[in-house]
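Take a look at the structure below.
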Amino acid sequence: MSNDPRPVALVTGASYGLGAAIAAKLAGDGFDVAVTELDPADLADTLAAIEAAGGQGQGVALDLRSDDSIATATNAVLEKFGRIDLLVNNAAMLLAKPALDVAADEFEAVMRINVTGTYMMTQAVARHLIEAGRPGQIINIASTFTTVGAVNVSPYGISKAAIGGLVRHLAAEWAPHDIRVNAVAPGTSMTRLRAEIMEKDPARRDAGLAKIPLGRFTEPADIAGAVSYLASPAAAYVTGHVLAVDGGMTVT
């Protein structure tokens, strides 16, 4: 039996939905998992799922609008586990409104969290890996909006398009350090908020389903499985890639 320490994953925005599913899946894959939320008290269910899957968990406060919070959260994980091998950037802000109604401060708020915050979180973990001289990886949760456009979600969609650029540039720059940078791009996922919207608007639900060749919305397990693959030795030669997990929506 190996005496090597378990690898450590850090998953941002993991109180429910995709982040929670990813955290539990990684714990089952052999990771200890630190998870973040604005209020760590909201992470109780996720931490229980991590432990049930065989991992050791840690809940950490993180506000991607604050560079100090990013540094404090990263240091807290390193203090507990001594290492971070995988960062999953899942935390994000959604703004849905017509482009002509978006104010400058609203646009900047989305970019601060989804682009600048993600970039600085990635930088903090990569700096740790490079200073430690160890390989590692970054997996970003992107979106179908990384590659296609849609109405009434332009700030969010533009921020996710930027994630595609982040993946490509940082994968190229950090490859000599054996740091792989990839992304998973979910299709329409049945988050709690979206499920409530669809329940009130069946016509919208049916129209969304009609765009998906596989005939169903994305489930959190679909995205967790894709992250699991990219985090595994099977993907050791994959970097700079945005993996669409959307039931074929972006190919039709």
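In the structure tokens, the first chain shown is A, the next is B, and so on; residue numbers restart at 1 for each chain, and ligands run from 1 in the order shown.
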Run DSSP on the backbone and tell me which residues of region 94-179 of chain A come out as alpha helix (DSSP H); list them as a PyMOL selection string.
chain A and resi 104-111+118-132+154-174
Take the residues just selected and output them with C-alpha atoms as a PDB file, in the first residue's frame.
ATOM      1  CA  ALA A 104     -21.140  49.736 -16.235  1.00  0.00           C
ATOM      2  CA  ASP A 105     -20.945  48.750 -12.571  1.00  0.00           C
ATOM      3  CA  GLU A 106     -23.028  45.628 -13.246  1.00  0.00           C
ATOM      4  CA  PHE A 107     -20.755  44.603 -16.104  1.00  0.00           C
ATOM      5  CA  GLU A 108     -17.660  45.215 -14.011  1.00  0.00           C
ATOM      6  CA  ALA A 109     -19.092  43.198 -11.089  1.00  0.00           C
ATOM      7  CA  VAL A 110     -19.489  40.141 -13.331  1.00  0.00           C
ATOM      8  CA  MET A 111     -15.983  40.542 -14.754  1.00  0.00           C
ATOM      9  CA  THR A 118     -10.827  33.402 -11.444  1.00  0.00           C
ATOM     10  CA  TYR A 119      -7.523  34.620 -12.890  1.00  0.00           C
ATOM     11  CA  MET A 120      -6.131  35.683  -9.514  1.00  0.00           C
ATOM     12  CA  MET A 121      -7.299  32.461  -7.839  1.00  0.00           C
ATOM     13  CA  THR A 122      -5.563  30.511 -10.584  1.00  0.00           C
ATOM     14  CA  GLN A 123      -2.428  32.591 -10.194  1.00  0.00           C
ATOM     15  CA  ALA A 124      -2.321  31.947  -6.442  1.00  0.00           C
ATOM     16  CA  VAL A 125      -2.492  28.165  -6.854  1.00  0.00           C
ATOM     17  CA  ALA A 126      -0.060  28.122  -9.776  1.00  0.00           C
ATOM     18  CA  ARG A 127       2.429  30.159  -7.772  1.00  0.00           C
ATOM     19  CA  HIS A 128       2.267  27.548  -5.009  1.00  0.00           C
ATOM     20  CA  LEU A 129       2.813  24.720  -7.490  1.00  0.00           C
ATOM     21  CA  ILE A 130       5.727  26.410  -9.241  1.00  0.00           C
ATOM     22  CA  GLU A 131       7.434  27.353  -5.966  1.00  0.00           C
ATOM     23  CA  ALA A 132       6.979  23.782  -4.699  1.00  0.00           C
ATOM     24  CA  SER A 154     -24.034  39.158 -22.573  1.00  0.00           C
ATOM     25  CA  PRO A 155     -21.943  40.053 -19.463  1.00  0.00           C
ATOM     26  CA  TYR A 156     -21.960  36.439 -18.276  1.00  0.00           C
ATOM     27  CA  GLY A 157     -21.370  35.086 -21.777  1.00  0.00           C
ATOM     28  CA  ILE A 158     -18.497  37.472 -22.423  1.00  0.00           C
ATOM     29  CA  SER A 159     -16.923  36.492 -19.106  1.00  0.00           C
ATOM     30  CA  LYS A 160     -17.125  32.823 -20.048  1.00  0.00           C
ATOM     31  CA  ALA A 161     -15.607  33.558 -23.470  1.00  0.00           C
ATOM     32  CA  ALA A 162     -12.707  35.073 -21.540  1.00  0.00           C
ATOM     33  CA  ILE A 163     -12.297  31.793 -19.661  1.00  0.00           C
ATOM     34  CA  GLY A 164     -11.526  30.122 -22.984  1.00  0.00           C
ATOM     35  CA  GLY A 165      -8.702  32.608 -23.490  1.00  0.00           C
ATOM     36  CA  LEU A 166      -7.459  32.081 -19.952  1.00  0.00           C
ATOM     37  CA  VAL A 167      -7.266  28.337 -20.573  1.00  0.00           C
ATOM     38  CA  ARG A 168      -5.277  28.655 -23.779  1.00  0.00           C
ATOM     39  CA  HIS A 169      -2.814  31.301 -22.609  1.00  0.00           C
ATOM     40  CA  LEU A 170      -2.050  29.804 -19.206  1.00  0.00           C
ATOM     41  CA  ALA A 171      -1.815  26.268 -20.591  1.00  0.00           C
ATOM     42  CA  ALA A 172       0.884  27.492 -22.967  1.00  0.00           C
ATOM     43  CA  GLU A 173       2.742  29.504 -20.326  1.00  0.00           C
ATOM     44  CA  TRP A 174       2.727  26.897 -17.570  1.00  0.00           C
TER      45      TRP A 174
END
Taking into account only C-alpha atoms, which residue in the set A:Val35, A:Ala224, A:Ala185, A:Leu62 is nearest to Ala21 (chain A)?
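That would be A:Ala224, the residue with the smallest distance to Ala21 (chain A).
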Could you state the separation of CA of Ser232 (chain A) and CA of Ala175 (chain A) in Å, given to one decimal place?
16.9 Å
Need to verify the contact set: region 200-210 of chain A, 12 Å, only C-alpha atoms, exclusion of same-chain residues closer than 4 positions in sequence. Can you return it as a list in words?
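Contacts, in chain order: Gly187, Thr188, Ser189, Met190, Leu193, Arg194, Ala195, Glu196, Leu214, Gly215, Arg216, Phe217, Thr218, Asp246, Gly247, Gly248, Met249 and Thr252 of chain A.
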If I take CA of Ala71 (chain A) and CA of Pro220 (chain A), how far is one from the other in Å, to one decimal?
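Separation of CA of Ala71 (chain A) and CA of Pro220 (chain A): 28.4 Å.
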List every residue of region 4-244 of chain A that DSSP, applied to the backbone of this structure, places in strand (DSSP E), and write the result as a VMD selection string.
chain A and resid 8 to 11 32 to 37 57 to 61 86 to 89 136 to 141 179 to 186 242 to 244
Residue selection dump (N, CA and C atoms) as a compact mmCIF listing (two decimals), in the first residue's frame:
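part-v8.txt was written with the following content:
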# COMPACT_ATOMS: atom_id res chain seq x y z
N VAL A 8 -4.73 16.88 -3.13
CA VAL A 8 -5.68 17.85 -2.58
C VAL A 8 -6.28 18.68 -3.71
N ALA A 9 -7.60 18.75 -3.73
CA ALA A 9 -8.33 19.59 -4.68
C ALA A 9 -8.97 20.75 -3.94
N LEU A 10 -9.04 21.89 -4.60
CA LEU A 10 -9.73 23.07 -4.09
C LEU A 10 -10.81 23.43 -5.10
N VAL A 11 -12.07 23.40 -4.65
CA VAL A 11 -13.21 23.66 -5.52
C VAL A 11 -13.92 24.91 -5.02
N ASP A 32 -8.46 14.61 -1.13
CA ASP A 32 -9.01 15.42 -0.06
C ASP A 32 -9.44 16.73 -0.72
N VAL A 33 -10.53 17.32 -0.23
CA VAL A 33 -11.15 18.41 -0.97
C VAL A 33 -11.47 19.60 -0.07
N ALA A 34 -10.88 20.74 -0.38
CA ALA A 34 -11.27 22.00 0.23
C ALA A 34 -12.31 22.67 -0.65
N VAL A 35 -13.32 23.21 -0.05
CA VAL A 35 -14.41 23.84 -0.80
C VAL A 35 -14.66 25.24 -0.25
N THR A 36 -15.11 26.14 -1.12
CA THR A 36 -15.28 27.52 -0.71
C THR A 36 -16.69 28.02 -0.95
N GLU A 37 -17.04 29.02 -0.19
CA GLU A 37 -18.31 29.75 -0.38
C GLU A 37 -18.14 31.08 0.36
N GLY A 57 -12.44 16.81 4.22
CA GLY A 57 -12.91 18.07 3.68
C GLY A 57 -12.51 19.26 4.53
N GLN A 58 -12.58 20.43 3.89
CA GLN A 58 -12.34 21.69 4.59
C GLN A 58 -13.20 22.76 3.95
N GLY A 59 -13.93 23.51 4.75
CA GLY A 59 -14.72 24.62 4.26
C GLY A 59 -13.97 25.92 4.48
N VAL A 60 -13.92 26.75 3.45
CA VAL A 60 -13.14 27.98 3.49
C VAL A 60 -13.97 29.14 2.95
N ALA A 61 -13.88 30.30 3.60
CA ALA A 61 -14.54 31.50 3.08
C ALA A 61 -13.75 32.05 1.91
N LEU A 86 -4.91 20.43 -7.37
CA LEU A 86 -5.93 20.69 -8.38
C LEU A 86 -6.81 21.84 -7.91
N LEU A 87 -6.99 22.82 -8.77
CA LEU A 87 -7.95 23.90 -8.53
C LEU A 87 -9.08 23.78 -9.53
N VAL A 88 -10.32 23.76 -9.03
CA VAL A 88 -11.49 23.80 -9.90
C VAL A 88 -12.18 25.14 -9.68
N ASN A 89 -12.11 26.00 -10.67
CA ASN A 89 -12.75 27.32 -10.60
C ASN A 89 -14.20 27.20 -11.03
N GLY A 136 0.70 20.04 -11.39
CA GLY A 136 -0.66 20.27 -10.91
C GLY A 136 -1.56 20.63 -12.07
N GLN A 137 -2.78 20.99 -11.73
CA GLN A 137 -3.69 21.34 -12.81
C GLN A 137 -4.80 22.27 -12.34
N ILE A 138 -5.30 23.00 -13.33
CA ILE A 138 -6.40 23.93 -13.15
C ILE A 138 -7.52 23.49 -14.08
N ILE A 139 -8.73 23.35 -13.54
CA ILE A 139 -9.89 23.05 -14.36
C ILE A 139 -10.93 24.14 -14.10
N ASN A 140 -11.30 24.84 -15.15
CA ASN A 140 -12.26 25.93 -15.04
C ASN A 140 -13.63 25.46 -15.52
N ILE A 141 -14.67 25.90 -14.85
CA ILE A 141 -16.02 25.63 -15.34
C ILE A 141 -16.41 26.79 -16.25
N ILE A 179 2.04 22.08 -15.42
CA ILE A 179 0.73 22.49 -14.93
C ILE A 179 -0.22 22.49 -16.12
N ARG A 180 -1.23 21.63 -16.06
CA ARG A 180 -2.21 21.56 -17.14
C ARG A 180 -3.40 22.47 -16.81
N VAL A 181 -3.89 23.16 -17.82
CA VAL A 181 -5.02 24.09 -17.65
C VAL A 181 -6.08 23.74 -18.69
N ASN A 182 -7.26 23.39 -18.22
CA ASN A 182 -8.36 22.99 -19.09
C ASN A 182 -9.66 23.60 -18.58
N ALA A 183 -10.74 23.34 -19.30
CA ALA A 183 -12.06 23.79 -18.86
C ALA A 183 -13.11 22.78 -19.29
N VAL A 184 -14.19 22.76 -18.53
CA VAL A 184 -15.39 22.01 -18.90
C VAL A 184 -16.49 23.02 -19.17
N ALA A 185 -17.16 22.87 -20.31
CA ALA A 185 -18.20 23.82 -20.71
C ALA A 185 -19.56 23.14 -20.64
N PRO A 186 -20.30 23.33 -19.56
CA PRO A 186 -21.63 22.71 -19.44
C PRO A 186 -22.63 23.32 -20.40
N VAL A 242 -11.01 23.13 -24.00
CA VAL A 242 -12.33 23.38 -23.42
C VAL A 242 -13.23 22.23 -23.85
N LEU A 243 -13.63 21.41 -22.89
CA LEU A 243 -14.42 20.21 -23.16
C LEU A 243 -15.90 20.54 -23.02
N ALA A 244 -16.62 20.54 -24.14
CA ALA A 244 -18.06 20.81 -24.10
C ALA A 244 -18.80 19.57 -23.62
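Each of A:Ile113, A:Val227, A:Val102, A:Ala96 was compared to Asn152 (chain A) using only C-alpha atoms, and A:Ala96 turns out to be the nearest.
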I'd like to know which of A:Val115, A:Leu64, A:Ala236, A:Ala221 is closest to Asp178 (chain A), using only C-alpha atoms.
A:Ala236
